[in-house]
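Heads up, the thing below is written out as structure tokens.
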Amino acid sequence: MKNIYSLFIVSILLVSCGGEKKRNSVEKVLESNNLTTIRAKRAELVSDQQTLNSKIKLLDEAISKLDTVKHVPLITAFKAKTEVFNHTLEIQGNVTTKNLLVITPEYNGILTNVYVKEGQKVSKGQLLAKIDDGGLSQQLAQLKIQTDLAKTTFERQKRLWEQNIGSEIQFLQAKSTYESQEEAVNQLEQQVAKTKVTAPFSGTIDDVITEQGSVVAAGQSQLMRLVNLDDMYIETDIPERYIADVTKGKNVVVDFPILGTTVETKIRQAGDYINPNNRTFKVEIGIPNKDKSIKPNLTARLKINDYTNENALLIPQSIISENANGEQYVYVISNKSDKNIGVANRVIITTGKTQGDVIEVLSGIENGTEIVQEGARSVKDGQSVQIINY
């Protein structure tokens with residue numbers, strides 16, 4: 001080896017010295033301005049160049065035979081191993097609640113009293129406001145007096161009838177009068193009850209919309225907004241192709257970008273109806289809200305677990321190439337020596353779902369297979385490579 005390098009250096013020195021003399025000679029030939037002389041000199045230089053190329057080729061061949069360290073591409077590799085793969089469907093949704101209601105009156109009239117204010121907590125059935133009943137209360141009081149009289153008359157007539165005193169028709173007339181009066185009282189009480197606005201569920205008065213003294217119309221005027229933040233949920237539309245994967249009980253990670261918080265929860269309801277307009281079905285995702293920080297109509301990012309493989313082989317998508325037939329392939333290492341030099345072999349693979357920058361491999365490689373990572377785009381099938389790290 002040392003003799004070859006020495007010979008190579010001596011050759012370079014000889015060529016350098018000879019080259020200096022030839023440069024001087026070339027200058028003299030050019031000065032002669034003789035075409036025949038110039039052509040002869042050029043032919044001589046070409047012959048010398050061919051001789052040097054042959055000598056360099058011999059030296060390269062000798063170096064190749066004696067050099068024990070091959071000049072092979074440097075790559076990095078990793079060993080494929082099975083792991084749990086949880087694929088998620090990422091989608092957006094909005095927070096809502098079934099306990100969000102704008103309360104409207106059931107009776108026409110003047111809003112005489114508003115008993116609550118914004119931000120006040122109220123209980124189910126609590127009186128929130130009162131509408132002027134237009135004299136219905138007085139009518140009800142008079143009707144109750146008449147009903148009491150009808151009741152007394154009926155009870156007396158009943159006792160007489162039981163003693164076989166009086167006629168049956170008198171008994172039936174008294175009974176009918178009393179029952180009619182009772183029904184009239186019940187109807188009027190229902191009318192009067194409509195003048196009282198009560199809370200349909202427990203919650204917080206979010207907004208008082210109509211002020212005291214305003215004239216309100218049944219079913220039209222908005223009096224106040226009542227909200228309960230205990231039972232919050234997210235409703236979103238899922239494409240129909242996920243109907244077998246996105247089901248009740250599946251895990252969901254909910255991210256609220258505005259709040260900077262993340263909540264882990266589950267799907268509490270998955271719809272069975274496919275909307276023909278957009279080919280989606282609805283799901284409901286319950287949201288715990290102990291600190292009441294989550295509000296209705298808040299935007300959320302959802303990661304729904306739609307697929308799980310307990311023994312998945314995952315590899316970076318960046319190392320996968322595709323041939324002219326559309327087949328995907330990677331390079332695996334075989335015949336590795338103790339100096340970390342091995343052979344890169346092309347292997348066709350079948351892939352599954354992706355998540356981020358990794359992809360699931362369904363076939364083509366096994367657990368423990370050593371795969372080329374950095375340098376995968378530059379190696380060739382059957383080429384020797386040196387692994388520098390894992």
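Naming scheme: A, B, ... for chains in displayed order of the structure tokens; residues 1 onward per chain; ligands 1 onward as shown.
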Using only C-alpha atoms, which protein or nucleic acid residues come within 9 Å of Glu327 in chain A? Drop anything in the same chain fewer than 2 positions from it, and give the result as a list of chain:residue names. A:Ser321, A:Glu322, A:Asn323, A:Ala324, A:Asn325, A:Tyr329, A:Ile348, A:Ile349, A:Thr350
Got a sec to tell me which of range 118-357 of chain A DSSP assigns to helix (DSSP H, G or I), as a PyMOL selection string? chain A and resi 136-162+168-193+240-242+317-319
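Residues with any atom within 10 Å of Ile238 in chain A, counting only C-alpha atoms and excluding same-chain neighbours fewer than 3 positions away, are Leu89, Ile91, Gln92, Glu235, Arg241, Tyr242, Ile243, Val246, Ala270, Gly271, Ile274, Asn278, Arg279, Thr280, Phe281, Lys282 and Val283 of chain A.
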Output file for the selection above: N, CA and C atoms, as a CSV table (one decimal), in the first residue's frame:
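In the end it all went to part-v6.csv:
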```
chain,number,residue,atom,x,y,z
A,89,LEU,N,-59.7,10.8,14.3
A,89,LEU,CA,-60.4,11.6,13.3
A,89,LEU,C,-60.4,13.0,13.9
A,91,ILE,N,-61.7,16.8,13.8
A,91,ILE,CA,-62.8,17.6,13.3
A,91,ILE,C,-63.2,18.7,14.2
A,92,GLN,N,-64.0,19.6,13.8
A,92,GLN,CA,-64.3,20.8,14.6
A,92,GLN,C,-65.8,20.7,15.1
A,235,GLU,N,-71.9,19.1,19.7
A,235,GLU,CA,-72.6,18.4,18.6
A,235,GLU,C,-71.8,18.7,17.3
A,241,ARG,N,-68.7,7.8,6.0
A,241,ARG,CA,-67.7,6.6,5.9
A,241,ARG,C,-67.2,6.2,7.3
A,242,TYR,N,-67.4,7.0,8.3
A,242,TYR,CA,-66.9,6.7,9.7
A,242,TYR,C,-68.0,6.1,10.5
A,243,ILE,N,-69.2,5.8,10.0
A,243,ILE,CA,-70.3,5.4,10.8
A,243,ILE,C,-70.0,4.1,11.6
A,246,VAL,N,-66.9,5.5,14.4
A,246,VAL,CA,-67.3,6.5,15.3
A,246,VAL,C,-68.6,6.1,16.0
A,270,ALA,N,-74.4,8.6,19.3
A,270,ALA,CA,-74.1,8.7,17.9
A,270,ALA,C,-75.4,8.5,17.1
A,271,GLY,N,-75.7,9.4,16.1
A,271,GLY,CA,-76.9,9.3,15.4
A,271,GLY,C,-77.0,8.1,14.4
A,274,ILE,N,-78.6,9.3,8.4
A,274,ILE,CA,-77.6,10.0,7.5
A,274,ILE,C,-78.3,11.1,6.8
A,278,ASN,N,-75.7,16.4,3.1
A,278,ASN,CA,-74.2,16.4,3.2
A,278,ASN,C,-73.6,15.1,3.6
A,279,ARG,N,-74.4,14.0,3.6
A,279,ARG,CA,-73.9,12.6,3.9
A,279,ARG,C,-73.2,12.6,5.2
A,280,THR,N,-73.7,13.1,6.2
A,280,THR,CA,-73.1,13.0,7.6
A,280,THR,C,-74.1,12.6,8.6
A,281,PHE,N,-73.6,12.2,9.7
A,281,PHE,CA,-74.5,11.8,10.9
A,281,PHE,C,-74.0,12.6,12.1
A,282,LYS,N,-74.9,12.8,13.1
A,282,LYS,CA,-74.5,13.7,14.2
A,282,LYS,C,-74.0,12.8,15.4
A,283,VAL,N,-73.1,13.4,16.1
A,283,VAL,CA,-72.7,12.8,17.4
A,283,VAL,C,-72.7,13.8,18.5
```
Selection near Glu44 in chain A, 12 Å with only C-alpha atoms, sequence-local residues under 6 positions removed, as a PDB file with C-alpha atoms, in the first residue's frame:
```
ATOM      1  CA  LYS A  22       6.687  21.069 -22.046  1.00  0.00           C
ATOM      2  CA  SER A  25       8.592  23.947 -25.312  1.00  0.00           C
ATOM      3  CA  VAL A  26       5.006  24.766 -26.279  1.00  0.00           C
ATOM      4  CA  THR A  37       5.537  22.046 -35.955  1.00  0.00           C
ATOM      5  CA  ILE A  38       2.466  23.017 -33.913  1.00  0.00           C
ATOM      6  CA  GLN A  50      -3.054   8.840 -22.911  1.00  0.00           C
ATOM      7  CA  THR A  51      -0.012   7.323 -21.267  1.00  0.00           C
TER       8      THR A  51
END
```
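With only C-alpha atoms taken into account, the protein and nucleic acid residues at most 12 Å from range 289-293 of chain A (excluding it and anything under 6 positions from it in its own chain) are Val95, Thr96, Thr97, Gly203, Thr204, Val227, Asn228, Leu229, Asp230, Asp231, Met232, Tyr233, Phe256, Ile258, Leu259, Gly260, Thr261, Thr262, Val263, Glu264 and Thr265 of chain A.
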Once DSSP has gone over the backbone, tell me which residues of range 30-274 of chain A are in strand (DSSP E or B), as a ChimeraX atom specification. /A:74-79,82-97,100-103,109-114,121-122,127-131,196-198,203-208,215-216,224-227,232-239,251-256,261-270
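Atom pair CA of Thr104 in chain A / CA of Met224 in chain A: separated by 7.6 Å.
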